[in-house]
Amino acid sequence: MTQTMTLDEKLAISMKACALYNAGDEEGFSRVIRTAPMPPYLAAVAKKTMGADFLIKGGYNLSEAEAEFGHDWLSK
């Protein structure tokens with residue numbers, strides 16, 4: 001079972017990512033922001049518009065989408 005990330009944990013990731021971006025480290029920003037779970041509705045839109053491979057290869061945290069849609073939602 002996947003543990004849900006708290007709002008405080010999500011905010012901490014966002015703050016760290018923003019600090020990296022503001023420091024000019026766009027690669028670090030991208031790497032850190034992908035550790036926060038993508039909201040299920042955004043994951044569904046990304047799958048529909050850009051494809052499952054985009055999400056898989058992008059290394060996004062899809063734990064909330066998997067919890068809502070099922071572990072095999074990307075292959076459906």
# chains A, B, ... in the order shown; residues from 1 in each chain; ligands from 1
$ residues_around --residues "Ile33 in chain A" --least-positions-apart "4" --cutoff "9 Å" --atoms "only C-alpha atoms" --output "list in words"
Ile13, Ser14, Lys16, Ala17, Cys18, Gly28, Phe29, Pro37 and Tyr60 of chain A
$ write_last_selection --atoms "N, CA and C atoms" --output "short mmCIF file (atom, residue, chain, number, x, y, z; two decimals), in the first residue's frame"
data_model
loop_
_atom_site.label_atom_id
_atom_site.label_comp_id
_atom_site.auth_asym_id
_atom_site.auth_seq_id
_atom_site.Cartn_x
_atom_site.Cartn_y
_atom_site.Cartn_z
N ILE A 13 8.51 20.06 -0.41
CA ILE A 13 9.08 19.76 -1.73
C ILE A 13 8.95 20.98 -2.63
N SER A 14 7.79 21.61 -2.61
CA SER A 14 7.57 22.80 -3.45
C SER A 14 8.52 23.93 -3.08
N LYS A 16 11.48 23.67 -1.63
CA LYS A 16 12.83 23.29 -2.05
C LYS A 16 12.99 23.49 -3.55
N ALA A 17 11.98 23.07 -4.32
CA ALA A 17 12.03 23.22 -5.77
C ALA A 17 12.08 24.70 -6.16
N CYS A 18 11.28 25.52 -5.51
CA CYS A 18 11.28 26.96 -5.81
C CYS A 18 12.63 27.60 -5.50
N GLY A 28 17.83 20.94 -11.16
CA GLY A 28 17.51 20.55 -9.79
C GLY A 28 16.03 20.76 -9.49
N PHE A 29 15.50 21.88 -9.95
CA PHE A 29 14.07 22.16 -9.79
C PHE A 29 13.23 21.03 -10.38
N PRO A 37 3.75 14.10 -5.52
CA PRO A 37 2.76 13.36 -6.31
C PRO A 37 1.98 14.28 -7.25
N TYR A 60 7.77 10.91 -13.07
CA TYR A 60 6.82 11.60 -12.20
C TYR A 60 6.33 10.68 -11.08
#
$ residues_around --residues "Arg34 in chain A" --least-positions-apart "6" --cutoff "9 Å" --atoms "only C-alpha atoms" --output "ChimeraX atom specification"
/A:58-61
$ residues_around --residues "Met5 in chain A" --least-positions-apart "5" --cutoff "9 Å" --atoms "only C-alpha atoms" --output "list of chain:residue names"
A:Lys10, A:Ala36, A:Pro37, A:Glu64
$ write_last_selection --atoms "all heavy atoms" --output "CSV table (one decimal), in the first residue's frame"
chain,number,residue,atom,x,y,z
A,10,LYS,N,4.3,17.9,0.9
A,10,LYS,CA,4.2,18.4,-0.5
A,10,LYS,C,4.7,19.9,-0.5
A,10,LYS,O,5.4,20.3,-1.4
A,10,LYS,CB,2.8,18.4,-0.9
A,10,LYS,CG,2.3,16.9,-1.2
A,10,LYS,CD,0.8,17.0,-1.5
A,10,LYS,CE,0.2,15.6,-1.6
A,10,LYS,NZ,-1.2,15.6,-1.9
A,36,ALA,N,7.1,15.2,-5.8
A,36,ALA,CA,5.8,15.4,-5.3
A,36,ALA,C,4.7,14.7,-6.1
A,36,ALA,O,4.9,14.6,-7.4
A,36,ALA,CB,5.5,16.9,-5.3
A,37,PRO,N,3.7,14.1,-5.5
A,37,PRO,CA,2.8,13.4,-6.3
A,37,PRO,C,2.0,14.3,-7.3
A,37,PRO,O,1.5,15.3,-6.9
A,37,PRO,CB,1.8,12.7,-5.3
A,37,PRO,CG,2.2,13.3,-4.0
A,37,PRO,CD,3.5,14.0,-4.1
A,64,GLU,N,-0.6,9.1,-6.3
A,64,GLU,CA,-2.0,9.5,-6.1
A,64,GLU,C,-2.9,9.0,-7.2
A,64,GLU,O,-4.0,8.6,-7.0
A,64,GLU,CB,-2.1,11.0,-5.8
A,64,GLU,CG,-1.5,11.4,-4.5
A,64,GLU,CD,-1.7,12.8,-4.1
A,64,GLU,OE1,-2.3,13.6,-4.9
A,64,GLU,OE2,-1.2,13.2,-3.1
$ residues_around --residues "Leu42 in chain A" --least-positions-apart "2" --cutoff "12 Å" --atoms "only C-alpha atoms" --output "list in words"
Pro37, Met38, Pro39, Pro40, Ala44, Val45, Ala46, Lys47, Lys48, Thr49, Met50, Leu55, Tyr60, Asn61, Leu62, Glu64 and Ala65 of chain A
$ write_last_selection --atoms "N, CA, C and O atoms" --output "PDB file, in the first residue's frame"
ATOM      1  N   PRO A  37       3.747  14.101  -5.525  1.00  0.00           N
ATOM      2  CA  PRO A  37       2.759  13.364  -6.309  1.00  0.00           C
ATOM      3  C   PRO A  37       1.980  14.276  -7.255  1.00  0.00           C
ATOM      4  O   PRO A  37       1.526  15.345  -6.858  1.00  0.00           O
ATOM      5  N   MET A  38       1.858  13.840  -8.488  1.00  0.00           N
ATOM      6  CA  MET A  38       1.058  14.571  -9.462  1.00  0.00           C
ATOM      7  C   MET A  38      -0.414  14.328  -9.132  1.00  0.00           C
ATOM      8  O   MET A  38      -0.820  13.175  -8.943  1.00  0.00           O
ATOM      9  N   PRO A  39      -1.212  15.382  -9.056  1.00  0.00           N
ATOM     10  CA  PRO A  39      -2.640  15.184  -8.798  1.00  0.00           C
ATOM     11  C   PRO A  39      -3.262  14.280  -9.868  1.00  0.00           C
ATOM     12  O   PRO A  39      -2.908  14.373 -11.054  1.00  0.00           O
ATOM     13  N   PRO A  40      -4.163  13.396  -9.464  1.00  0.00           N
ATOM     14  CA  PRO A  40      -4.749  12.451 -10.411  1.00  0.00           C
ATOM     15  C   PRO A  40      -5.361  13.098 -11.655  1.00  0.00           C
ATOM     16  O   PRO A  40      -5.191  12.589 -12.760  1.00  0.00           O
ATOM     17  N   ALA A  44      -4.200  12.244 -15.472  1.00  0.00           N
ATOM     18  CA  ALA A  44      -5.134  11.763 -16.491  1.00  0.00           C
ATOM     19  C   ALA A  44      -5.052  12.620 -17.753  1.00  0.00           C
ATOM     20  O   ALA A  44      -5.047  12.096 -18.874  1.00  0.00           O
ATOM     21  N   VAL A  45      -4.963  13.932 -17.585  1.00  0.00           N
ATOM     22  CA  VAL A  45      -4.850  14.830 -18.741  1.00  0.00           C
ATOM     23  C   VAL A  45      -3.519  14.599 -19.457  1.00  0.00           C
ATOM     24  O   VAL A  45      -3.470  14.541 -20.690  1.00  0.00           O
ATOM     25  N   ALA A  46      -2.441  14.455 -18.687  1.00  0.00           N
ATOM     26  CA  ALA A  46      -1.130  14.221 -19.296  1.00  0.00           C
ATOM     27  C   ALA A  46      -1.120  12.907 -20.067  1.00  0.00           C
ATOM     28  O   ALA A  46      -0.567  12.829 -21.169  1.00  0.00           O
ATOM     29  N   LYS A  47      -1.733  11.872 -19.514  1.00  0.00           N
ATOM     30  CA  LYS A  47      -1.800  10.586 -20.218  1.00  0.00           C
ATOM     31  C   LYS A  47      -2.567  10.744 -21.529  1.00  0.00           C
ATOM     32  O   LYS A  47      -2.136  10.246 -22.570  1.00  0.00           O
ATOM     33  N   LYS A  48      -3.673  11.442 -21.476  1.00  0.00           N
ATOM     34  CA  LYS A  48      -4.517  11.609 -22.666  1.00  0.00           C
ATOM     35  C   LYS A  48      -3.828  12.466 -23.735  1.00  0.00           C
ATOM     36  O   LYS A  48      -3.913  12.172 -24.917  1.00  0.00           O
ATOM     37  N   THR A  49      -3.154  13.525 -23.325  1.00  0.00           N
ATOM     38  CA  THR A  49      -2.577  14.454 -24.303  1.00  0.00           C
ATOM     39  C   THR A  49      -1.148  14.111 -24.724  1.00  0.00           C
ATOM     40  O   THR A  49      -0.769  14.382 -25.862  1.00  0.00           O
ATOM     41  N   MET A  50      -0.369  13.538 -23.788  1.00  0.00           N
ATOM     42  CA  MET A  50       1.040  13.274 -24.100  1.00  0.00           C
ATOM     43  C   MET A  50       1.400  11.801 -24.102  1.00  0.00           C
ATOM     44  O   MET A  50       2.474  11.432 -24.561  1.00  0.00           O
ATOM     45  N   LEU A  55       4.717  10.027 -19.136  1.00  0.00           N
ATOM     46  CA  LEU A  55       4.674   9.966 -17.680  1.00  0.00           C
ATOM     47  C   LEU A  55       5.682   8.962 -17.129  1.00  0.00           C
ATOM     48  O   LEU A  55       6.365   9.231 -16.142  1.00  0.00           O
ATOM     49  N   TYR A  60       7.766  10.906 -13.068  1.00  0.00           N
ATOM     50  CA  TYR A  60       6.820  11.596 -12.204  1.00  0.00           C
ATOM     51  C   TYR A  60       6.335  10.678 -11.084  1.00  0.00           C
ATOM     52  O   TYR A  60       6.234   9.465 -11.257  1.00  0.00           O
ATOM     53  N   ASN A  61       6.000  11.265  -9.952  1.00  0.00           N
ATOM     54  CA  ASN A  61       5.416  10.536  -8.844  1.00  0.00           C
ATOM     55  C   ASN A  61       3.924  10.404  -9.142  1.00  0.00           C
ATOM     56  O   ASN A  61       3.178  11.383  -9.069  1.00  0.00           O
ATOM     57  N   LEU A  62       3.505   9.217  -9.472  1.00  0.00           N
ATOM     58  CA  LEU A  62       2.112   8.968  -9.861  1.00  0.00           C
ATOM     59  C   LEU A  62       1.346   8.197  -8.790  1.00  0.00           C
ATOM     60  O   LEU A  62       0.323   7.584  -9.079  1.00  0.00           O
ATOM     61  N   GLU A  64      -0.589   9.079  -6.305  1.00  0.00           N
ATOM     62  CA  GLU A  64      -1.990   9.458  -6.063  1.00  0.00           C
ATOM     63  C   GLU A  64      -2.886   9.021  -7.220  1.00  0.00           C
ATOM     64  O   GLU A  64      -4.028   8.609  -7.004  1.00  0.00           O
ATOM     65  N   ALA A  65      -2.384   9.098  -8.434  1.00  0.00           N
ATOM     66  CA  ALA A  65      -3.155   8.626  -9.592  1.00  0.00           C
ATOM     67  C   ALA A  65      -3.348   7.114  -9.516  1.00  0.00           C
ATOM     68  O   ALA A  65      -4.439   6.609  -9.793  1.00  0.00           O
TER      69      ALA A  65
END
$ atom_distance --atom1 "CA of Ser75 in chain A" --atom2 "CA of Arg31 in chain A"
24.5 Å
$ select_by_dssp --residues "chain A" --states "alpha helix (DSSP H)" --output "ChimeraX atom specification"
/A:7-22,26-33,40-50,52-58,63-69
